[in-house]
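See below for model-v6.csv, which holds CSV, C-alpha atoms.
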```
chain,number,residue,atom,x,y,z
Q,573,ALA,CA,1.6,0.6,-10.9
Q,574,GLY,CA,5.2,1.3,-11.8
Q,575,TRP,CA,4.7,5.0,-12.6
Q,576,SER,CA,2.6,5.4,-9.4
Q,577,GLU,CA,5.4,3.9,-7.3
Q,578,VAL,CA,8.1,6.1,-8.8
Q,579,ALA,CA,6.0,9.2,-8.3
Q,580,THR,CA,5.1,8.5,-4.6
Q,581,LEU,CA,8.3,6.7,-3.3
Q,582,PRO,CA,9.8,9.9,-1.7
Q,583,ILE,CA,6.6,10.1,0.4
Q,584,ASP,CA,7.0,6.5,1.4
Q,585,VAL,CA,10.6,7.0,2.5
Q,586,THR,CA,9.6,9.9,4.8
Q,587,LYS,CA,6.7,7.8,6.2
Q,588,VAL,CA,9.1,5.0,7.1
Q,589,ARG,CA,11.5,7.3,8.8
Q,590,LEU,CA,8.7,8.9,10.8
Q,591,GLN,CA,7.4,5.4,11.8
Q,592,MET,CA,10.9,4.4,12.9
Q,593,SER,CA,11.1,7.2,15.5
Q,594,LEU,CA,10.7,5.9,19.1
Q,595,ALA,CA,9.9,9.3,20.5
Q,596,ALA,CA,6.3,9.9,21.5
Q,597,ALA,CA,6.3,12.9,19.2
Q,598,PRO,CA,8.8,12.9,16.3
Q,599,PRO,CA,11.1,15.9,16.6
Q,600,SER,CA,10.3,17.1,13.0
Q,601,GLY,CA,7.4,16.6,10.7
Q,602,GLN,CA,7.3,15.2,7.2
Q,603,MET,CA,9.0,18.2,5.6
Q,604,GLY,CA,11.7,18.2,8.3
Q,605,VAL,CA,12.4,14.5,7.7
Q,606,ALA,CA,12.5,15.1,3.9
Q,607,TRP,CA,14.9,18.0,4.2
Q,608,GLY,CA,17.1,16.0,6.6
Q,609,ILE,CA,17.3,13.1,4.2
Q,610,VAL,CA,18.3,15.4,1.3
Q,611,ALA,CA,20.9,17.3,3.4
Q,612,ASN,CA,22.5,14.3,4.9
Q,613,GLU,CA,22.1,11.6,2.3
Q,614,GLY,CA,21.4,13.4,-1.0
Q,615,ALA,CA,18.3,13.9,-3.0
Q,616,SER,CA,18.5,10.4,-4.6
Q,617,ALA,CA,18.0,9.0,-1.1
Q,618,LEU,CA,14.3,9.9,-1.4
Q,619,TRP,CA,14.1,7.0,-3.9
Q,620,LYS,CA,15.8,4.5,-1.7
Q,621,GLY,CA,14.4,1.0,-2.2
Q,622,LEU,CA,13.2,1.7,-5.7
Q,623,VAL,CA,14.1,-1.7,-7.2
Q,624,PRO,CA,12.3,-3.8,-4.6
Q,625,ALA,CA,9.5,-1.3,-4.6
Q,626,LEU,CA,8.9,-1.7,-8.3
Q,627,ILE,CA,9.2,-5.5,-8.1
Q,628,ARG,CA,6.7,-5.5,-5.2
Q,629,GLN,CA,4.2,-3.1,-6.6
Q,630,CYS,CA,4.0,-4.4,-10.1
Q,631,SER,CA,3.8,-8.0,-9.0
Q,632,TYR,CA,1.5,-7.4,-6.0
Q,633,THR,CA,-0.8,-5.0,-7.7
Q,634,GLY,CA,-1.1,-7.1,-10.8
Q,635,LEU,CA,-1.9,-10.2,-8.8
Q,636,SER,CA,-4.4,-8.3,-6.7
Q,637,LEU,CA,-6.3,-7.1,-9.7
Q,638,VAL,CA,-6.3,-10.5,-11.3
Q,639,LEU,CA,-7.7,-12.1,-8.2
Q,640,TYR,CA,-10.2,-9.4,-7.2
Q,641,GLU,CA,-13.0,-9.7,-9.8
Q,642,PRO,CA,-13.1,-13.6,-9.8
Q,643,ILE,CA,-13.3,-13.5,-6.0
Q,644,ARG,CA,-15.9,-10.8,-6.0
Q,645,ASP,CA,-18.0,-12.7,-8.6
Q,646,THR,CA,-17.6,-16.0,-6.7
Q,647,LEU,CA,-19.0,-14.3,-3.5
Q,648,ALA,CA,-22.0,-13.0,-5.5
Q,649,PRO,CA,-22.6,-15.2,-8.5
Q,650,GLY,CA,-25.1,-13.7,-11.0
Q,651,VAL,CA,-25.5,-10.5,-9.1
Q,652,ALA,CA,-25.3,-7.3,-11.2
Q,653,LYS,CA,-22.3,-5.0,-10.2
Q,654,HIS,CA,-24.5,-2.1,-9.0
Q,655,ASP,CA,-26.5,-4.5,-6.8
Q,656,MET,CA,-23.6,-6.2,-5.2
Q,657,PRO,CA,-23.4,-5.8,-1.3
Q,658,PHE,CA,-20.6,-3.5,-0.2
Q,659,TRP,CA,-19.2,-6.0,2.3
Q,660,LYS,CA,-18.6,-8.5,-0.5
Q,661,ARG,CA,-16.6,-6.0,-2.4
Q,662,VAL,CA,-14.6,-5.4,0.8
Q,663,VAL,CA,-14.0,-9.1,1.5
Q,664,ALA,CA,-13.0,-9.7,-2.2
Q,665,GLY,CA,-10.5,-6.7,-2.1
Q,666,GLY,CA,-9.0,-7.7,1.2
Q,667,THR,CA,-8.6,-11.4,0.2
Q,668,ALA,CA,-7.0,-10.5,-3.1
Q,669,GLY,CA,-4.6,-8.1,-1.4
Q,670,GLY,CA,-3.7,-10.3,1.5
Q,671,ALA,CA,-2.9,-13.3,-0.6
Q,672,SER,CA,-0.9,-11.2,-3.1
Q,673,ILE,CA,1.3,-9.4,-0.5
Q,674,PHE,CA,2.1,-12.7,1.3
Q,675,VAL,CA,3.7,-14.0,-1.9
Q,676,MET,CA,5.7,-10.7,-2.3
Q,677,ASN,CA,6.5,-10.1,1.4
Q,678,TRP,CA,10.2,-10.5,0.8
Q,679,THR,CA,10.3,-7.4,-1.4
Q,680,ASP,CA,8.8,-5.4,1.4
Q,681,VAL,CA,11.5,-6.6,3.8
Q,682,ILE,CA,14.3,-5.5,1.5
Q,683,LYS,CA,12.6,-2.2,0.6
Q,684,THR,CA,12.1,-1.3,4.3
Q,685,ARG,CA,15.7,-2.2,5.2
Q,686,MET,CA,17.0,0.0,2.4
Q,687,GLN,CA,14.6,2.9,3.2
Q,688,SER,CA,15.2,2.9,7.0
Q,689,SER,CA,19.0,2.9,6.7
Q,690,ALA,CA,20.9,6.2,6.6
Q,691,GLU,CA,23.7,4.4,4.7
Q,692,PRO,CA,23.3,3.7,0.9
Q,693,LEU,CA,22.2,0.1,0.4
Q,694,SER,CA,21.7,-1.8,-2.8
Q,695,PHE,CA,19.2,-4.5,-3.5
Q,696,GLY,CA,21.5,-7.5,-4.0
Q,697,PRO,CA,23.7,-7.1,-0.9
Q,698,THR,CA,20.7,-6.3,1.3
Q,699,PHE,CA,18.9,-9.4,0.1
Q,700,ARG,CA,22.0,-11.6,0.8
Q,701,GLN,CA,22.4,-10.1,4.2
Q,702,VAL,CA,18.9,-10.9,5.3
Q,703,TRP,CA,19.2,-14.4,3.8
Q,704,ASN,CA,22.5,-15.1,5.5
Q,705,GLN,CA,21.4,-13.8,8.9
Q,706,HIS,CA,17.8,-15.0,9.0
Q,707,GLY,CA,17.2,-17.3,6.1
Q,708,LEU,CA,13.7,-17.7,4.6
Q,709,ARG,CA,12.1,-16.7,7.9
Q,710,GLY,CA,13.8,-13.3,7.6
Q,711,LEU,CA,12.4,-12.7,4.1
Q,712,TRP,CA,8.9,-13.2,5.5
Q,713,ALA,CA,9.4,-11.2,8.7
Q,714,GLY,CA,6.4,-9.1,9.5
Q,715,SER,CA,4.2,-11.1,7.1
Q,716,ILE,CA,1.3,-11.2,9.6
Q,717,PRO,CA,1.0,-7.4,9.9
Q,718,ASN,CA,1.8,-7.0,6.2
Q,719,VAL,CA,-1.1,-9.3,5.3
Q,720,ALA,CA,-3.3,-7.6,7.8
Q,721,ARG,CA,-2.3,-4.2,6.4
Q,722,CYS,CA,-2.9,-5.2,2.8
Q,723,PHE,CA,-6.2,-7.0,3.7
Q,724,VAL,CA,-7.7,-3.9,5.2
Q,725,GLY,CA,-5.9,-1.5,2.8
Q,726,ASN,CA,-6.8,-3.4,-0.3
Q,727,ALA,CA,-10.3,-4.0,1.0
Q,728,ALA,CA,-10.6,-0.2,1.3
Q,729,GLU,CA,-8.8,0.6,-2.0
Q,730,LEU,CA,-10.5,-1.9,-4.2
Q,731,GLY,CA,-13.8,-2.4,-2.4
Q,732,CYS,CA,-14.3,1.3,-1.6
Q,733,TYR,CA,-13.1,2.4,-5.1
Q,734,ASP,CA,-15.6,0.0,-6.7
Q,735,GLN,CA,-18.4,1.1,-4.3
Q,736,PHE,CA,-17.7,4.8,-4.5
Q,737,LYS,CA,-17.5,4.7,-8.3
Q,738,THR,CA,-20.8,2.8,-8.5
Q,739,MET,CA,-22.5,5.3,-6.2
Q,740,LEU,CA,-21.2,8.2,-8.3
Q,741,VAL,CA,-22.2,6.7,-11.6
Q,742,VAL,CA,-25.8,6.1,-10.5
Q,743,SER,CA,-26.0,9.6,-8.9
Q,744,PRO,CA,-28.0,12.3,-10.6
Q,745,TYR,CA,-24.8,14.3,-11.5
Q,746,ALA,CA,-24.1,14.1,-15.2
Q,747,VAL,CA,-20.3,14.6,-14.7
Q,748,PHE,CA,-20.0,11.2,-13.1
Q,749,THR,CA,-20.2,8.6,-15.9
Q,750,ASP,CA,-18.7,5.2,-15.9
Q,751,ASP,CA,-15.7,6.2,-18.0
Q,752,ALA,CA,-15.4,9.8,-16.8
Q,753,THR,CA,-12.1,11.0,-15.3
Q,754,ALA,CA,-14.1,12.8,-12.6
Q,755,SER,CA,-15.5,9.5,-11.4
Q,756,HIS,CA,-12.1,7.9,-11.3
Q,757,LEU,CA,-10.5,10.8,-9.4
Q,758,ALA,CA,-13.3,11.2,-6.8
Q,759,ALA,CA,-13.6,7.4,-6.2
Q,760,SER,CA,-9.7,7.1,-5.9
Q,761,THR,CA,-9.5,10.0,-3.4
Q,762,GLY,CA,-12.2,8.5,-1.2
Q,763,ALA,CA,-10.7,5.0,-1.3
Q,764,GLY,CA,-7.2,6.4,-0.5
Q,765,PHE,CA,-8.4,8.2,2.6
Q,766,VAL,CA,-10.3,5.2,4.0
Q,767,SER,CA,-7.4,2.9,3.3
Q,768,SER,CA,-5.0,5.1,5.1
Q,769,LEU,CA,-7.2,5.4,8.1
Q,770,VAL,CA,-7.7,1.7,8.7
Q,771,SER,CA,-4.3,0.5,7.7
Q,772,ALA,CA,-2.0,2.9,9.5
Q,773,PRO,CA,-1.6,1.0,12.9
Q,774,VAL,CA,-0.6,-2.3,11.2
Q,775,ASP,CA,1.6,-0.3,8.8
Q,776,VAL,CA,3.6,1.1,11.7
Q,777,MET,CA,4.1,-2.4,13.3
Q,778,LYS,CA,5.1,-3.8,9.9
Q,779,THR,CA,7.7,-1.2,9.4
Q,780,ARG,CA,9.1,-1.7,12.9
Q,781,ILE,CA,9.4,-5.5,12.4
Q,782,GLN,CA,10.7,-5.6,8.9
Q,783,SER,CA,13.4,-2.9,9.5
Q,784,GLY,CA,14.8,-5.0,12.4
Q,785,LEU,CA,13.9,-2.4,15.0
Q,786,GLU,CA,11.5,-4.8,16.7
Q,787,GLU,CA,12.1,-8.6,16.7
Q,788,GLN,CA,9.2,-9.7,18.9
Q,789,SER,CA,5.8,-11.0,18.2
Q,790,LEU,CA,3.1,-8.7,16.8
Q,791,VAL,CA,1.3,-8.5,20.1
Q,792,LYS,CA,4.5,-7.5,22.0
Q,793,VAL,CA,5.3,-4.9,19.4
Q,794,ALA,CA,1.8,-3.4,19.8
Q,795,LEU,CA,2.1,-3.4,23.6
Q,796,ASN,CA,5.6,-1.8,23.4
Q,797,ILE,CA,4.4,1.0,21.2
Q,798,VAL,CA,1.5,1.8,23.5
Q,799,ARG,CA,3.7,1.6,26.6
Q,800,ARG,CA,6.6,3.7,25.3
Q,801,GLU,CA,4.9,6.1,22.9
Q,802,GLY,CA,1.2,6.1,23.5
Q,803,PHE,CA,-1.7,5.0,21.3
Q,804,LEU,CA,-1.3,7.9,18.8
Q,805,ALA,CA,2.1,6.4,17.8
Q,806,PHE,CA,0.1,3.9,15.7
Q,807,TYR,CA,-0.6,6.9,13.4
Q,808,LYS,CA,3.0,8.1,13.0
Q,809,GLY,CA,3.5,8.9,9.4
Q,810,PHE,CA,-0.2,9.0,8.8
Q,811,TRP,CA,-0.1,12.2,6.6
Q,812,PRO,CA,2.6,10.8,4.2
Q,813,LEU,CA,0.7,7.5,4.2
Q,814,PHE,CA,-2.5,9.3,3.2
Q,815,GLN,CA,-0.7,11.5,0.6
Q,816,ARG,CA,0.9,8.5,-0.9
Q,817,LYS,CA,-2.2,6.4,-1.0
Q,818,VAL,CA,-4.3,9.2,-2.5
Q,819,VAL,CA,-1.8,10.1,-5.2
Q,820,TRP,CA,-1.1,6.4,-5.9
Q,821,THR,CA,-4.7,5.4,-6.2
Q,822,VAL,CA,-5.6,8.5,-8.3
Q,823,ILE,CA,-2.7,7.8,-10.8
Q,824,PHE,CA,-3.2,4.0,-10.8
Q,825,PHE,CA,-6.9,3.7,-11.1
Q,826,THR,CA,-7.2,6.5,-13.6
Q,827,ALA,CA,-4.6,4.9,-15.8
Q,828,TYR,CA,-6.0,1.4,-15.2
Q,829,GLU,CA,-9.5,2.5,-16.2
Q,830,LYS,CA,-8.2,4.2,-19.4
Q,831,PHE,CA,-6.0,1.2,-20.2
Q,832,ARG,CA,-8.9,-1.2,-19.7
Q,833,ALA,CA,-11.2,0.9,-21.8
Q,834,GLY,CA,-8.6,1.0,-24.6
Q,835,LEU,CA,-8.2,-2.8,-24.5
Q,836,SER,CA,-12.0,-3.2,-24.8
Q,837,THR,CA,-12.0,-0.9,-27.8
Q,838,VAL,CA,-9.2,-2.8,-29.5
Q,839,GLY,CA,-11.1,-6.1,-28.8
Q,840,ARG,CA,-14.3,-4.8,-30.3
Q,841,LEU,CA,-12.4,-3.5,-33.4
Q,842,SER,CA,-10.6,-6.8,-33.9
Q,843,THR,CA,-13.9,-8.8,-33.9
```
In structure tokens, what does this structure look like?
Amino acid sequence: AGWSEVATLPIDVTKVRLQMSLAAAPPSGQMGVAWGIVANEGASALWKGLVPALIRQCSYTGLSLVLYEPIRDTLAPGVAKHDMPFWKRVVAGGTAGGASIFVMNWTDVIKTRMQSSAEPLSFGPTFRQVWNQHGLRGLWAGSIPNVARCFVGNAAELGCYDQFKTMLVVSPYAVFTDDATASHLAASTGAGFVSSLVSAPVDVMKTRIQSGLEEQSLVKVALNIVRREGFLAFYKGFWPLFQRKVVWTVIFFTAYEKFRAGLSTVGRLST
């Protein structure tokens, strides 16, 4: 999770800047935003928010994975993995993700504040500023869209990855075996695309609220976006979101599967 976050954080920074634009059509695309950041703030600005991002991702991802399989197995006790209904995988993934991100919402608030600012901000002072101005409520700002985003995002990432991989493994193509890299790559890419598609609208609203740009209720934020910028504004930053999710899921799930297989081998050897 940590390596995936470091590799994809520049994409996340450009996504946040695009989502912060109130123009119906942002004046420059992803590359324009990236070049602007480098020119005006330095190349290191592409890794703004790295500390809270690592805390968030390692804690949130670890907790999601710990919760996912027990929730999945509770929803379908005694059912073989390849026979498990897809909707139960989705509910398990969403529940694990939503519960995990609620616990770690404060890291998202700090990360978004640091990434959306053109000024260099550090973790400690930003945390203290939010705490002094808004207290505990400020650290959990945007928790509703954040939980919603992670529910649908995690449902797609974990549920779809699990489903796509199962479908590939039982397919007649010999290249897709349970521990094959091809299976991990294909399932990760599909899961990343679906996750981006369904989570983009709530991701935009989350960014607006957590950055302090919008301080109204979720419904009012949604209505303001539609009135000022049009419905397509809910998909601002979609391509960097998609790129980040695909790269992230490919790196993470491939490494996760290899690591889990290695642990299983060590366990068998030790017994």
*asked:* I'd like the neighbourhood of Asp584 (chain Q) as a ChimeraX atom specification, where a residue qualifies if any of its atoms comes within 12 Å (using only C-alpha atoms), though same-chain residues fewer than 2 positions away should be ignored.
replied: /Q:576-582,586-591,602,605-606,617-622,625,683-684,686-688,775,779,809-817,819-820
*asked:* So that I can see what lies close to region 637-640 of chain Q, please list as an MDAnalysis selection string the residues with an atom at most 9 Å from it, counting all atoms listed in the file and leaving out residues fewer than 6 positions away in the same chain.
replied: chainID Q and resid 661 664:669 672 730
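Each of Q:Asp680, Q:Arg628, Q:Lys653, Q:Trp607 was checked against Ser783 (chain Q) using only C-alpha atoms; the smallest atom-to-atom distance is that of Q:Asp680.
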*Could you name the residues that touch Ser636 (chain Q) at 12 Å or less, counting all atoms listed in the file, but leaving out those on the same chain fewer than 5 positions away, as a PyMOL selection string?*
chain Q and resi 573+628-631+641-644+664-676+722-723+725-727+729-731
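Among Q:Ser768, Q:Ala746, Q:Ser616, Q:Met777, the residue with the shortest atom-to-atom distance to Leu795 (chain Q), counting all atoms listed in the file, is Q:Met777.
Nearest to Ser689 (chain Q) of all the residues Q:Arg721, Q:Val776, Q:Met603, Q:Met592 is Q:Met592, based on all atoms listed in the file.
The two atoms in question, CA of Tyr733 (chain Q) and CA of Ile583 (chain Q), are spaced 21.9 Å apart.
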_List the spatial neighbours of region 736-742 of chain Q as a PyMOL selection string - criterion: any atom at most 12 Å away, all atoms listed in the file, same-chain residues fewer than 6 positions off excluded._
chain Q and resi 652-658+661-662+728-730+748-764+766+825-826+829
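Each of Q:Glu691, Q:Arg780, Q:Asn677, Q:Ile682 was checked against Asn612 (chain Q) using only C-alpha atoms; the smallest atom-to-atom distance is that of Q:Glu691.
Between CA of Ser694 (chain Q) and CA of Val623 (chain Q) lies a distance of 8.8 Å.
Reported to one decimal place, the separation of CA of Ile781 (chain Q) from CA of Pro717 (chain Q) is 9.0 Å.
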*asked:* Would you pick out the contacts of Phe803 (chain Q) at 10 Å or less, using all atoms listed in the file, so that residues sharing its chain but fewer than 4 positions from it are not included, and give the list as an MDAnalysis selection string?
replied: chainID Q and resid 596 773 794:795 797:799 807
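You can rank Q:Pro744, Q:Asn796, Q:Phe806, Q:Val791 by their closest distance to Val770 (chain Q) using only C-alpha atoms, and at the top of that list sits Q:Phe806.
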_Counting all atoms listed in the file, which residue out of Q:Ala833, Q:Val681, Q:Val651, Q:Leu790 sits closest to Pro624 (chain Q)?_
Q:Val681
How would region 712-726 of chain Q of the given structure read as a file with N, CA, C and O atoms, as a CSV table (one decimal), in the first residue's frame?
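Dumped everything to selection-v2.csv:
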```csv
chain,number,residue,atom,x,y,z
Q,712,TRP,N,-13.3,15.4,10.9
Q,712,TRP,CA,-14.2,14.4,10.3
Q,712,TRP,C,-15.1,15.1,9.3
Q,712,TRP,O,-16.2,14.6,8.9
Q,713,ALA,N,-14.7,16.3,8.8
Q,713,ALA,CA,-15.4,17.0,7.7
Q,713,ALA,C,-15.4,16.1,6.4
Q,713,ALA,O,-14.4,15.4,6.1
Q,714,GLY,N,-16.5,16.1,5.8
Q,714,GLY,CA,-16.7,15.3,4.5
Q,714,GLY,C,-16.7,13.8,4.8
Q,714,GLY,O,-16.5,13.0,3.8
Q,715,SER,N,-16.9,13.4,6.0
Q,715,SER,CA,-16.9,11.9,6.3
Q,715,SER,C,-18.0,11.2,5.5
Q,715,SER,O,-17.8,10.0,5.1
Q,716,ILE,N,-19.2,11.8,5.3
Q,716,ILE,CA,-20.3,11.2,4.7
Q,716,ILE,C,-19.9,10.8,3.2
Q,716,ILE,O,-20.0,9.7,2.8
Q,717,PRO,N,-19.5,11.9,2.4
Q,717,PRO,CA,-19.1,11.5,1.0
Q,717,PRO,C,-17.9,10.6,1.0
Q,717,PRO,O,-17.7,9.8,0.1
Q,718,ASN,N,-17.0,10.7,2.0
Q,718,ASN,CA,-15.8,9.9,2.0
Q,718,ASN,C,-16.2,8.4,2.3
Q,718,ASN,O,-15.6,7.5,1.6
Q,719,VAL,N,-17.1,8.2,3.2
Q,719,VAL,CA,-17.6,6.8,3.4
Q,719,VAL,C,-18.3,6.3,2.2
Q,719,VAL,O,-18.1,5.2,1.8
Q,720,ALA,N,-19.1,7.2,1.6
Q,720,ALA,CA,-19.9,6.8,0.4
Q,720,ALA,C,-18.9,6.4,-0.7
Q,720,ALA,O,-19.0,5.4,-1.4
Q,721,ARG,N,-17.9,7.3,-0.9
Q,721,ARG,CA,-16.9,7.1,-2.0
Q,721,ARG,C,-16.1,5.8,-1.7
Q,721,ARG,O,-15.9,5.0,-2.6
Q,722,CYS,N,-15.7,5.5,-0.5
Q,722,CYS,CA,-15.0,4.3,-0.2
Q,722,CYS,C,-15.9,3.1,-0.2
Q,722,CYS,O,-15.4,2.0,-0.5
Q,723,PHE,N,-17.2,3.2,0.1
Q,723,PHE,CA,-18.0,2.1,0.0
Q,723,PHE,C,-18.1,1.6,-1.4
Q,723,PHE,O,-17.9,0.5,-1.7
Q,724,VAL,N,-18.5,2.6,-2.3
Q,724,VAL,CA,-18.6,2.2,-3.7
Q,724,VAL,C,-17.3,1.8,-4.3
Q,724,VAL,O,-17.2,0.9,-5.1
Q,725,GLY,N,-16.2,2.6,-3.9
Q,725,GLY,CA,-14.9,2.4,-4.5
Q,725,GLY,C,-14.3,1.0,-4.0
Q,725,GLY,O,-13.8,0.3,-4.9
Q,726,ASN,N,-14.4,0.8,-2.7
Q,726,ASN,CA,-13.9,-0.5,-2.2
Q,726,ASN,C,-14.8,-1.7,-2.7
Q,726,ASN,O,-14.3,-2.8,-2.9
```
